[in-house]
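Participant: Supplied structure: target-v8.txt, compact mmCIF, C-alpha atoms and all ligand atoms.
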```
# COMPACT_ATOMS: atom_id res chain seq x y z
CA MET Z 1 23.33 -62.44 7.66
CA ALA Z 2 20.09 -60.84 6.41
CA SER Z 3 20.66 -57.57 4.59
CA LEU Z 4 19.43 -54.31 6.00
CA ASP Z 5 16.17 -52.97 4.60
CA LYS Z 6 16.36 -49.22 3.86
CA SER Z 7 12.65 -48.64 4.39
CA THR Z 8 12.91 -50.11 7.90
CA VAL Z 9 15.46 -47.41 8.81
CA GLU Z 10 13.30 -44.69 7.27
CA ASN Z 11 10.23 -45.94 9.13
CA LEU Z 12 12.13 -45.94 12.38
CA LEU Z 13 13.02 -42.27 11.87
CA LYS Z 14 9.46 -41.44 10.79
CA ASN Z 15 8.20 -42.90 14.05
CA PHE Z 16 10.80 -41.38 16.33
CA ILE Z 17 9.17 -38.47 18.16
CA ASP Z 18 11.37 -35.57 19.29
CA PRO Z 19 9.63 -34.51 22.55
CA ASN Z 20 10.70 -30.88 22.10
CA VAL Z 21 9.19 -30.30 18.66
CA GLU Z 22 6.51 -32.90 19.45
CA THR Z 23 6.76 -34.41 16.00
CA ASP Z 24 8.84 -37.11 14.30
CA LEU Z 25 12.39 -36.54 13.06
CA VAL Z 26 11.42 -36.73 9.39
CA SER Z 27 8.49 -34.28 9.59
CA ALA Z 28 10.69 -31.92 11.65
CA LYS Z 29 13.26 -32.07 8.82
CA SER Z 30 15.88 -33.07 11.37
CA VAL Z 31 17.42 -35.85 9.27
CA LYS Z 32 20.36 -34.05 7.70
CA LYS Z 33 22.15 -37.06 6.29
CA LEU Z 34 21.38 -40.77 6.13
CA VAL Z 35 23.84 -43.13 4.49
CA ILE Z 36 23.14 -46.84 4.36
CA ASP Z 37 26.18 -48.65 3.09
CA GLN Z 38 25.49 -52.38 2.89
CA ASN Z 39 24.60 -53.07 6.52
CA ASP Z 40 26.20 -49.98 8.03
CA ILE Z 41 24.23 -46.86 8.96
CA SER Z 42 25.59 -43.35 9.25
CA LEU Z 43 23.07 -40.76 10.42
CA VAL Z 44 23.35 -37.01 11.07
CA ILE Z 45 20.50 -35.33 12.96
CA GLU Z 46 20.34 -31.55 12.98
CA LEU Z 47 18.29 -29.81 15.67
CA GLY Z 48 17.28 -26.19 15.09
CA TYR Z 49 17.14 -25.35 18.80
CA PRO Z 50 19.60 -25.41 21.71
CA ALA Z 51 19.44 -28.79 23.45
CA LYS Z 52 22.69 -29.53 25.25
CA SER Z 53 20.84 -31.63 27.81
CA TYR Z 54 19.03 -33.68 25.15
CA VAL Z 55 21.77 -34.40 22.59
CA ALA Z 56 23.41 -37.36 24.36
CA GLU Z 57 20.03 -38.93 25.18
CA LEU Z 58 18.81 -38.58 21.59
CA GLN Z 59 22.02 -40.02 20.22
CA ALA Z 60 21.93 -42.99 22.60
CA GLN Z 61 18.25 -43.71 21.90
CA LEU Z 62 18.75 -43.61 18.14
CA GLU Z 63 21.87 -45.77 18.28
CA ALA Z 64 20.10 -48.35 20.44
CA ARG Z 65 17.03 -48.53 18.19
CA LEU Z 66 19.06 -48.69 14.97
CA GLN Z 67 21.38 -51.26 16.44
CA ALA Z 68 18.39 -53.45 17.26
CA LEU Z 69 17.31 -53.66 13.60
CA GLU Z 70 17.71 -56.96 11.86
CA GLY Z 71 20.83 -57.32 9.75
CA VAL Z 72 22.46 -54.09 10.94
CA GLY Z 73 26.25 -53.67 11.04
CA ASN Z 74 27.98 -50.52 12.26
CA VAL Z 75 25.81 -47.64 13.47
CA GLU Z 76 27.09 -44.09 13.71
CA VAL Z 77 24.78 -41.29 14.89
CA LYS Z 78 25.82 -37.65 15.13
CA VAL Z 79 23.57 -34.91 16.52
CA VAL Z 80 24.37 -31.31 15.63
CA ILE Z 81 22.69 -28.02 16.59
CA ASN Z 82 22.09 -25.30 14.03
CA ILE Z 83 20.00 -22.33 15.18
CA LEU Z 84 18.63 -20.35 12.24
CA SER Z 85 16.93 -17.00 11.90
CA HIS Z 86 13.15 -17.13 11.46
CA ALA Z 87 10.73 -14.84 9.69
CA VAL Z 88 9.39 -11.68 11.36
CA GLN Z 89 6.36 -9.49 10.58
CA LYS Z 90 6.15 -8.79 6.84
CA ALA Z 91 6.87 -5.05 6.98
CA LEU Z 92 9.92 -5.46 9.25
CA LYS Z 93 13.46 -6.72 8.96
CA PRO Z 94 15.35 -8.76 11.58
CA LEU Z 95 18.11 -7.00 13.49
CA PRO Z 96 21.68 -7.61 12.40
CA ASN Z 97 23.54 -9.76 14.97
CA VAL Z 98 20.27 -11.10 16.41
CA LYS Z 99 18.90 -14.26 14.84
CA ASN Z 100 15.57 -14.33 16.66
CA ILE Z 101 13.63 -12.01 18.93
CA ILE Z 102 11.10 -13.67 21.23
CA ALA Z 103 8.63 -11.48 23.11
CA VAL Z 104 7.50 -12.57 26.56
CA ALA Z 105 4.16 -10.97 27.36
CA SER Z 106 1.27 -11.17 29.78
CA GLY Z 107 -2.14 -9.57 29.77
CA LYS Z 108 -2.20 -9.03 33.51
CA GLY Z 109 0.55 -7.54 35.69
CA GLY Z 110 2.26 -9.47 38.44
CA VAL Z 111 1.78 -12.95 36.99
CA GLY Z 112 5.54 -13.60 36.96
CA LYS Z 113 6.32 -12.53 33.39
CA SER Z 114 9.75 -11.03 34.18
CA THR Z 115 10.74 -13.97 36.39
CA THR Z 116 9.75 -16.34 33.59
CA ALA Z 117 11.55 -14.25 30.92
CA VAL Z 118 14.82 -14.15 32.83
CA ASN Z 119 14.76 -17.85 33.69
CA LEU Z 120 13.93 -18.78 30.08
CA ALA Z 121 16.85 -16.66 28.90
CA LEU Z 122 19.17 -18.46 31.35
CA ALA Z 123 17.69 -21.81 30.33
CA LEU Z 124 18.33 -21.16 26.62
CA ALA Z 125 21.90 -20.23 27.49
CA ALA Z 126 22.31 -23.37 29.62
CA GLU Z 127 21.15 -25.38 26.60
CA GLY Z 128 23.94 -23.82 24.54
CA ALA Z 129 22.50 -20.68 22.89
CA ALA Z 130 23.89 -17.14 22.80
CA VAL Z 131 21.22 -15.12 24.56
CA GLY Z 132 20.32 -11.52 25.32
CA ILE Z 133 17.45 -10.00 27.25
CA LEU Z 134 15.89 -6.59 26.68
CA ASP Z 135 13.88 -5.40 29.66
CA ALA Z 136 11.09 -3.34 28.10
CA ASP Z 137 8.83 -3.38 31.13
CA ILE Z 138 8.38 0.35 31.70
CA TYR Z 139 6.08 -0.22 34.66
CA GLY Z 140 8.58 -2.28 36.61
CA PRO Z 141 11.98 -2.80 34.98
CA SER Z 142 13.19 -5.61 37.24
CA ILE Z 143 15.56 -7.63 35.05
CA PRO Z 144 18.82 -5.90 36.18
CA THR Z 145 17.94 -6.58 39.84
CA MET Z 146 17.07 -10.20 39.08
CA LEU Z 147 20.45 -10.62 37.36
CA GLY Z 148 22.33 -8.85 40.15
CA LEU Z 149 23.23 -5.85 37.97
CA SER Z 150 23.41 -2.19 38.89
CA GLY Z 151 24.67 0.98 37.26
CA LYS Z 152 24.13 2.24 33.75
CA PRO Z 153 25.57 0.62 30.65
CA GLU Z 154 28.64 2.15 29.01
CA SER Z 155 28.97 3.58 25.55
CA LEU Z 156 32.42 3.24 24.03
CA ASP Z 157 31.72 5.26 20.89
CA GLY Z 158 29.12 7.69 22.20
CA LYS Z 159 26.49 6.10 19.95
CA PHE Z 160 26.01 2.46 20.88
CA LEU Z 161 25.38 1.04 24.33
CA GLU Z 162 27.39 -1.92 25.56
CA PRO Z 163 25.05 -4.53 27.04
CA LYS Z 164 25.75 -5.44 30.63
CA VAL Z 165 26.56 -9.13 30.93
CA SER Z 166 25.45 -11.39 33.75
CA PHE Z 167 25.58 -15.22 33.83
CA GLY Z 168 26.66 -14.99 30.17
CA ILE Z 169 23.45 -13.15 29.20
CA GLN Z 170 23.73 -9.77 27.41
CA THR Z 171 21.21 -7.39 28.95
CA ILE Z 172 19.83 -3.89 28.49
CA SER Z 173 16.93 -2.34 30.39
CA ILE Z 174 14.51 0.49 29.70
CA GLY Z 175 15.05 1.22 33.40
CA TYR Z 176 18.41 2.76 32.48
CA LEU Z 177 16.66 5.37 30.32
CA VAL Z 178 13.43 6.25 32.11
CA ASP Z 179 13.37 8.24 35.29
CA PRO Z 180 11.63 6.10 37.93
CA ASP Z 181 10.14 9.23 39.51
CA GLN Z 182 8.56 10.42 36.29
CA PRO Z 183 4.76 10.00 36.20
CA MET Z 184 3.72 6.96 34.19
CA ILE Z 185 1.63 9.02 31.75
CA TRP Z 186 4.77 10.73 30.41
CA ARG Z 187 6.63 7.50 30.10
CA GLY Z 188 4.20 5.96 27.60
CA PRO Z 189 4.71 8.20 24.57
CA MET Z 190 8.50 8.24 24.88
CA VAL Z 191 8.78 4.57 25.51
CA THR Z 192 8.35 3.18 22.01
CA GLY Z 193 11.02 5.52 20.65
CA ALA Z 194 13.35 4.74 23.53
CA LEU Z 195 12.85 1.04 23.02
CA GLN Z 196 13.60 1.18 19.32
CA GLN Z 197 16.78 3.00 20.28
CA LEU Z 198 17.74 0.35 22.84
CA LEU Z 199 17.04 -2.39 20.36
CA THR Z 200 18.97 -0.95 17.46
CA GLN Z 201 21.68 0.98 19.28
CA THR Z 202 22.98 -1.72 21.55
CA HIS Z 203 26.08 -3.68 20.61
CA TRP Z 204 24.43 -7.10 20.70
CA SER Z 205 27.09 -9.61 19.91
CA ASP Z 206 25.87 -12.50 17.73
CA LEU Z 207 22.76 -13.57 19.57
CA ASP Z 208 20.75 -16.68 18.76
CA TYR Z 209 17.86 -15.29 20.82
CA LEU Z 210 16.96 -11.91 22.23
CA ILE Z 211 14.20 -12.21 24.82
CA ILE Z 212 12.09 -9.10 25.26
CA ASP Z 213 10.29 -8.67 28.57
CA LEU Z 214 7.30 -6.58 27.45
CA PRO Z 215 5.26 -4.34 29.73
CA PRO Z 216 2.11 -6.15 30.93
CA GLY Z 217 -1.20 -5.31 29.28
CA THR Z 218 -2.68 -4.91 25.83
CA GLY Z 219 -2.88 -1.14 25.46
CA ASP Z 220 -1.47 1.21 22.84
CA ILE Z 221 2.13 0.82 23.98
CA GLN Z 222 2.04 -2.96 23.80
CA LEU Z 223 0.31 -2.92 20.42
CA THR Z 224 2.83 -0.44 19.00
CA LEU Z 225 5.70 -2.59 20.29
CA ALA Z 226 4.15 -5.76 18.83
CA GLN Z 227 3.94 -3.95 15.49
CA GLN Z 228 7.34 -2.26 15.49
CA ILE Z 229 9.73 -4.80 16.96
CA PRO Z 230 10.78 -7.51 14.48
CA VAL Z 231 9.78 -10.56 16.51
CA SER Z 232 9.82 -14.18 15.37
CA GLY Z 233 7.42 -15.37 18.06
CA ALA Z 234 5.72 -14.57 21.34
CA VAL Z 235 5.18 -16.43 24.59
CA ILE Z 236 2.28 -15.55 26.89
CA VAL Z 237 2.67 -15.97 30.65
CA THR Z 238 -0.45 -16.39 32.75
CA THR Z 239 -1.57 -17.77 36.08
CA PRO Z 240 -4.46 -20.27 36.06
CA GLN Z 241 -6.74 -17.62 37.63
CA ASP Z 242 -9.79 -16.62 35.56
CA ILE Z 243 -8.97 -12.92 35.70
CA ALA Z 244 -5.41 -13.51 34.44
CA LEU Z 245 -6.62 -15.87 31.72
CA ILE Z 246 -9.08 -13.29 30.36
CA ASP Z 247 -6.22 -10.78 30.06
CA ALA Z 248 -3.88 -13.42 28.61
CA GLN Z 249 -6.53 -14.13 25.97
CA ARG Z 250 -6.44 -10.43 25.01
CA GLY Z 251 -2.64 -10.60 24.75
CA LEU Z 252 -2.87 -13.61 22.51
CA GLY Z 253 -5.41 -11.85 20.28
CA MET Z 254 -3.15 -8.81 20.03
CA PHE Z 255 -0.20 -10.81 18.69
CA GLU Z 256 -2.40 -12.73 16.28
CA LYS Z 257 -3.73 -9.44 14.92
CA VAL Z 258 -0.24 -8.25 14.05
CA ASN Z 259 0.77 -11.65 12.65
CA VAL Z 260 3.25 -12.61 15.33
CA PRO Z 261 3.15 -16.39 15.87
CA ILE Z 262 2.38 -17.57 19.40
CA LEU Z 263 5.01 -20.13 20.39
CA GLY Z 264 2.95 -21.12 23.41
CA LEU Z 265 1.64 -20.37 26.88
CA VAL Z 266 3.46 -20.68 30.18
CA GLU Z 267 1.30 -21.26 33.21
CA ASN Z 268 2.97 -19.75 36.26
CA MET Z 269 2.12 -20.35 39.92
CA SER Z 270 0.03 -23.32 38.83
CA ILE Z 271 0.25 -25.25 42.05
CA HIS Z 272 1.57 -24.53 45.52
CA ILE Z 273 3.56 -27.24 47.23
CA CYS Z 274 3.82 -26.62 50.98
CA SER Z 275 7.49 -26.52 51.96
CA GLN Z 276 6.54 -27.92 55.40
CA CYS Z 277 4.22 -30.82 54.66
CA GLY Z 278 4.34 -31.29 50.85
CA HIS Z 279 0.59 -30.69 50.53
CA GLU Z 280 -0.33 -29.49 47.01
CA GLU Z 281 -2.86 -26.74 46.57
CA ALA Z 282 -4.07 -25.06 43.35
CA ILE Z 283 -4.25 -21.57 44.86
CA PHE Z 284 -5.06 -19.81 41.58
CA GLY Z 285 -7.34 -22.52 40.19
CA GLN Z 286 -6.73 -25.60 38.11
CA GLY Z 287 -6.67 -26.48 34.43
CA GLY Z 288 -6.97 -22.85 33.23
CA GLY Z 289 -3.81 -22.90 31.12
CA VAL Z 290 -4.64 -26.21 29.47
CA ALA Z 291 -8.18 -25.06 28.65
CA MET Z 292 -6.90 -21.81 27.17
CA ALA Z 293 -4.27 -23.61 25.09
CA ILE Z 294 -6.86 -26.03 23.71
CA ARG Z 295 -9.37 -23.26 23.01
CA ASN Z 296 -6.79 -21.27 21.02
CA GLN Z 297 -4.97 -24.21 19.48
CA VAL Z 298 -1.66 -23.12 20.93
CA ASP Z 299 0.81 -25.13 22.98
CA LEU Z 300 0.99 -25.09 26.73
CA LEU Z 301 4.80 -25.10 26.96
CA GLY Z 302 4.79 -25.95 30.66
CA SER Z 303 3.62 -25.06 34.16
CA LEU Z 304 5.67 -23.72 37.05
CA PRO Z 305 4.73 -24.20 40.67
CA LEU Z 306 4.28 -21.34 43.13
CA ASP Z 307 7.58 -21.91 44.87
CA ILE Z 308 9.09 -19.60 47.45
CA ASN Z 309 12.59 -20.35 46.14
CA ILE Z 310 11.69 -18.96 42.69
CA ARG Z 311 10.99 -15.61 44.35
CA LEU Z 312 13.93 -15.76 46.77
CA PHE Z 313 16.42 -16.61 44.01
CA ALA Z 314 15.08 -13.85 41.74
CA ASP Z 315 15.21 -11.30 44.57
CA SER Z 316 18.79 -12.27 45.40
CA GLY Z 317 20.02 -11.54 41.86
CA ARG Z 318 20.64 -15.18 40.99
CA PRO Z 319 17.51 -16.63 39.35
CA THR Z 320 16.47 -20.27 39.78
CA VAL Z 321 18.13 -21.64 36.61
CA ALA Z 322 21.49 -20.18 37.72
CA ALA Z 323 21.10 -20.78 41.46
CA ASP Z 324 19.79 -24.34 41.43
CA PRO Z 325 20.32 -25.67 37.89
CA GLU Z 326 19.57 -29.29 38.79
CA GLY Z 327 16.45 -28.55 40.87
CA ARG Z 328 12.97 -29.38 39.63
CA PRO Z 329 11.90 -25.77 38.78
CA ALA Z 330 15.11 -25.23 36.73
CA GLN Z 331 14.40 -28.45 34.86
CA ILE Z 332 10.90 -27.17 34.05
CA TYR Z 333 12.29 -23.84 32.81
CA LYS Z 334 14.80 -25.71 30.60
CA ALA Z 335 12.11 -27.99 29.19
CA ILE Z 336 9.95 -24.93 28.40
CA ALA Z 337 12.91 -23.14 26.78
CA ARG Z 338 13.75 -26.16 24.59
CA LYS Z 339 10.13 -26.51 23.54
CA MET Z 340 9.74 -22.79 22.86
CA ALA Z 341 12.87 -22.73 20.68
CA ALA Z 342 11.87 -26.00 19.00
CA LYS Z 343 8.44 -24.58 18.09
CA LEU Z 344 10.22 -21.60 16.58
CA ALA Z 345 12.58 -23.90 14.67
CA LEU Z 346 9.56 -25.42 12.91
CA ARG Z 347 8.51 -22.01 11.57
CA ALA Z 348 9.48 -20.39 8.29
CA ARG Z 349 13.05 -19.16 8.00
CA ASP Z 350 14.06 -15.60 7.35
CA TYR Z 351 15.44 -15.16 3.87
CA SER Z 352 15.54 -11.36 3.81
CA GLY Z 353 19.29 -11.09 4.26
CA ARG Z 354 20.14 -13.71 1.65
CA PHE Z 355 19.59 -12.53 -1.87
CA PRO Z 356 20.53 -14.98 -4.59
CA ASN Z 357 23.64 -14.13 -6.54
CA ILE Z 358 22.49 -12.24 -9.60
CA VAL Z 359 24.89 -12.28 -12.50
CA ILE Z 360 24.20 -9.98 -15.43
CA GLN Z 361 25.96 -11.02 -18.58
CA ASN Z 362 26.44 -8.71 -21.52
CA THR Z 363 26.02 -10.62 -24.72
N1 LIG A 1 6.51 -19.37 40.22
C1 LIG A 1 6.71 -18.47 41.17
N2 LIG A 1 6.73 -18.82 42.49
C2 LIG A 1 6.90 -17.89 43.47
N3 LIG A 1 7.04 -16.58 43.25
C3 LIG A 1 7.04 -16.17 41.97
C4 LIG A 1 6.88 -17.08 40.86
N4 LIG A 1 6.93 -16.36 39.70
C5 LIG A 1 7.09 -15.07 40.06
N5 LIG A 1 7.17 -14.95 41.41
C6 LIG A 1 7.29 -13.71 42.20
O1 LIG A 1 6.12 -12.95 41.96
C7 LIG A 1 6.45 -11.55 41.91
C8 LIG A 1 6.01 -10.96 40.57
O2 LIG A 1 6.80 -11.54 39.56
P1 LIG A 1 7.30 -10.71 38.29
O3 LIG A 1 7.89 -9.40 38.69
O4 LIG A 1 8.12 -11.64 37.49
O5 LIG A 1 5.89 -10.46 37.61
P2 LIG A 1 5.54 -9.62 36.31
O6 LIG A 1 4.39 -10.29 35.70
O7 LIG A 1 6.74 -9.42 35.49
O8 LIG A 1 5.14 -8.26 36.96
P3 LIG A 1 4.93 -6.82 36.24
O9 LIG A 1 3.50 -6.76 35.99
O10 LIG A 1 5.41 -5.86 37.29
O11 LIG A 1 5.78 -6.80 35.03
C9 LIG A 1 7.93 -11.46 42.16
O12 LIG A 1 8.14 -11.22 43.52
C10 LIG A 1 8.47 -12.84 41.80
O13 LIG A 1 9.64 -13.19 42.49
```
Go ahead and express the file in the form of structure tokens.

Facilitator:
Amino acid sequence: MASLDKSTVENLLKNFIDPNVETDLVSAKSVKKLVIDQNDISLVIELGYPAKSYVAELQAQLEARLQALEGVGNVEVKVVINILSHAVQKALKPLPNVKNIIAVASGKGGVGKSTTAVNLALALAAEGAAVGILDADIYGPSIPTMLGLSGKPESLDGKFLEPKVSFGIQTISIGYLVDPDQPMIWRGPMVTGALQQLLTQTHWSDLDYLIIDLPPGTGDIQLTLAQQIPVSGAVIVTTPQDIALIDAQRGLGMFEKVNVPILGLVENMSIHICSQCGHEEAIFGQGGGVAMAIRNQVDLLGSLPLDINIRLFADSGRPTVAADPEGRPAQIYKAIARKMAAKLALRARDYSGRFPNIVIQNT
């Protein structure tokens, strides 16, 4: 039997594209261990993002391709998930108990930012991550309603708030603190302080990701939040409509200015599929998200259709990913969530909490 050539195995891994990170396993630093013992191969792949629905497929594909190599004996492939903490803005420190904060933003209001944020949070959880969501949308705090929650959170020690949990997601909302009848102009100045308080005085319990649903727009409040909250990355939600894209462009510029990496764009309401006849119509225009992504050299993480069920599920307190996990829209949300987390996994890690051991010896 011909003996196994090591470089053939390495080349196979160098040419194996992970569709979530959109790069090969070697460049993505996913090859944790490769042992070639005579003709036997033992391989450990480590993914830095939650991917429950991809692990078995990846393992099977790798095993099949390795097994097909000439001269191969036993093949053993193991895929493990290890979600790490990634760097935040230079002047800030990550929160304890929260590995990564991801901001979900939009330039324009009403484009479906909150619906997208809540479904992405559920999708990350479905893929195996520990997830929280902070509803910071002062203009329309809708996350509790979308998750079927009501009532204020408790405080057991009089200092920290206990997040309310729904579908396994830990949640806190600015809506619990601001008076809905108070004029908007008074809400602005108090909001950044209140948000800092919510962020740091909530008993988050070991989160891989905390999703923040930011208020729409690119004004002072949003800029202050983008500067003060220790975020690892931001996602911009837009519709393909020109007017929304112009505002989304401003949002993108705002995050770039404060050195927050853009993980990608999500195009919402991209196409309407008639529930009666199946006819597809691009109500808000076509190709806007792709063009914006290309122009700014950022990723278009995915596009969601304008689908009446997305609204109905959100209104009923059981968003799409929880209500119809196998349906097409839920699959799109999960694909976007995997990609978003995978893009983050490629970014620099946070080393702030890990000082090297310094030993001072008296001679
Ligand atoms: N893809 C979709 N298909 C159908 N309806 C949707 C979709 N995405 C969002 N919606 C609906 O559109 C409305 C606005 O969505 P949402 O509240 O998420 O927007 P937003 O951008 O967060 O708004 P705001 O500016 O108030 O923060 C909601 O009724 C929601 O259910």

Participant: At what distance in Å, to one decimal, does CA of Leu13 in chain Z lie from CA of Ile336 in chain Z?

Facilitator: 24.2 Å

Participant: Kindly assemble as JSON lines a list of the chain Z residues that lie within 7 Å of ligand LIG 1 (chain A), each paired with its nearest atom pair and their distance in Å to one decimal, using all atoms listed in the file, sorted first by chain and then by ascending residue number.

Facilitator:
```
{"residue": "Z:Ser106", "atom": "CA", "partner": "A:LIG1", "partner_atom": "O6", "distance": 6.7}
{"residue": "Z:Lys108", "atom": "CA", "partner": "A:LIG1", "partner_atom": "O9", "distance": 6.6}
{"residue": "Z:Gly109", "atom": "CA", "partner": "A:LIG1", "partner_atom": "O9", "distance": 3.1}
{"residue": "Z:Gly110", "atom": "CA", "partner": "A:LIG1", "partner_atom": "O8", "distance": 3.5}
{"residue": "Z:Val111", "atom": "CA", "partner": "A:LIG1", "partner_atom": "O6", "distance": 3.9}
{"residue": "Z:Gly112", "atom": "CA", "partner": "A:LIG1", "partner_atom": "O5", "distance": 3.2}
{"residue": "Z:Lys113", "atom": "CA", "partner": "A:LIG1", "partner_atom": "O6", "distance": 3.8}
{"residue": "Z:Ser114", "atom": "CA", "partner": "A:LIG1", "partner_atom": "O7", "distance": 3.7}
{"residue": "Z:Thr115", "atom": "CA", "partner": "A:LIG1", "partner_atom": "O4", "distance": 3.7}
{"residue": "Z:Thr116", "atom": "CA", "partner": "A:LIG1", "partner_atom": "O4", "distance": 6.3}
{"residue": "Z:Asp137", "atom": "CA", "partner": "A:LIG1", "partner_atom": "O11", "distance": 6.0}
{"residue": "Z:Tyr139", "atom": "CA", "partner": "A:LIG1", "partner_atom": "O10", "distance": 6.3}
{"residue": "Z:Gly140", "atom": "CA", "partner": "A:LIG1", "partner_atom": "O10", "distance": 4.8}
{"residue": "Z:Ser142", "atom": "CA", "partner": "A:LIG1", "partner_atom": "O3", "distance": 6.7}
{"residue": "Z:Pro215", "atom": "CA", "partner": "A:LIG1", "partner_atom": "O11", "distance": 5.9}
{"residue": "Z:Pro216", "atom": "CA", "partner": "A:LIG1", "partner_atom": "O9", "distance": 5.3}
{"residue": "Z:Asn268", "atom": "CA", "partner": "A:LIG1", "partner_atom": "N1", "distance": 5.3}
{"residue": "Z:Met269", "atom": "CA", "partner": "A:LIG1", "partner_atom": "N1", "distance": 4.5}
{"residue": "Z:Leu304", "atom": "CA", "partner": "A:LIG1", "partner_atom": "N1", "distance": 5.4}
{"residue": "Z:Pro305", "atom": "CA", "partner": "A:LIG1", "partner_atom": "N1", "distance": 5.2}
{"residue": "Z:Leu306", "atom": "CA", "partner": "A:LIG1", "partner_atom": "N2", "distance": 3.6}
{"residue": "Z:Asp307", "atom": "CA", "partner": "A:LIG1", "partner_atom": "N2", "distance": 4.0}
{"residue": "Z:Ile308", "atom": "CA", "partner": "A:LIG1", "partner_atom": "C2", "distance": 4.9}
{"residue": "Z:Asn309", "atom": "CA", "partner": "A:LIG1", "partner_atom": "C2", "distance": 6.7}
{"residue": "Z:Ile310", "atom": "CA", "partner": "A:LIG1", "partner_atom": "N2", "distance": 5.0}
{"residue": "Z:Arg311", "atom": "CA", "partner": "A:LIG1", "partner_atom": "O13", "distance": 3.3}
{"residue": "Z:Leu312", "atom": "CA", "partner": "A:LIG1", "partner_atom": "O13", "distance": 6.6}
{"residue": "Z:Ala314", "atom": "CA", "partner": "A:LIG1", "partner_atom": "O13", "distance": 5.5}
{"residue": "Z:Asp315", "atom": "CA", "partner": "A:LIG1", "partner_atom": "O13", "distance": 6.2}
```

Participant: List the spatial neighbours of range 125-128 of chain Z as a PyMOL selection string - criterion: any atom at most 8 Å away, all atoms listed in the file, same-chain residues fewer than 5 positions off excluded.

Facilitator: chain Z and resi 50-53+168-169+334+338

Participant: How many Å lie between CA of Asp18 in chain Z and CA of Gly327 in chain Z, rounded to one decimal?

Facilitator: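 Calculated distance between CA of Asp18 in chain Z and CA of Gly327 in chain Z is 23.3 Å.
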
Participant: To one decimal place, how far is CA of Met146 in chain Z from CA of Ser316 in chain Z in Å?

Facilitator: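 Between these atoms lies a distance of 6.9 Å.
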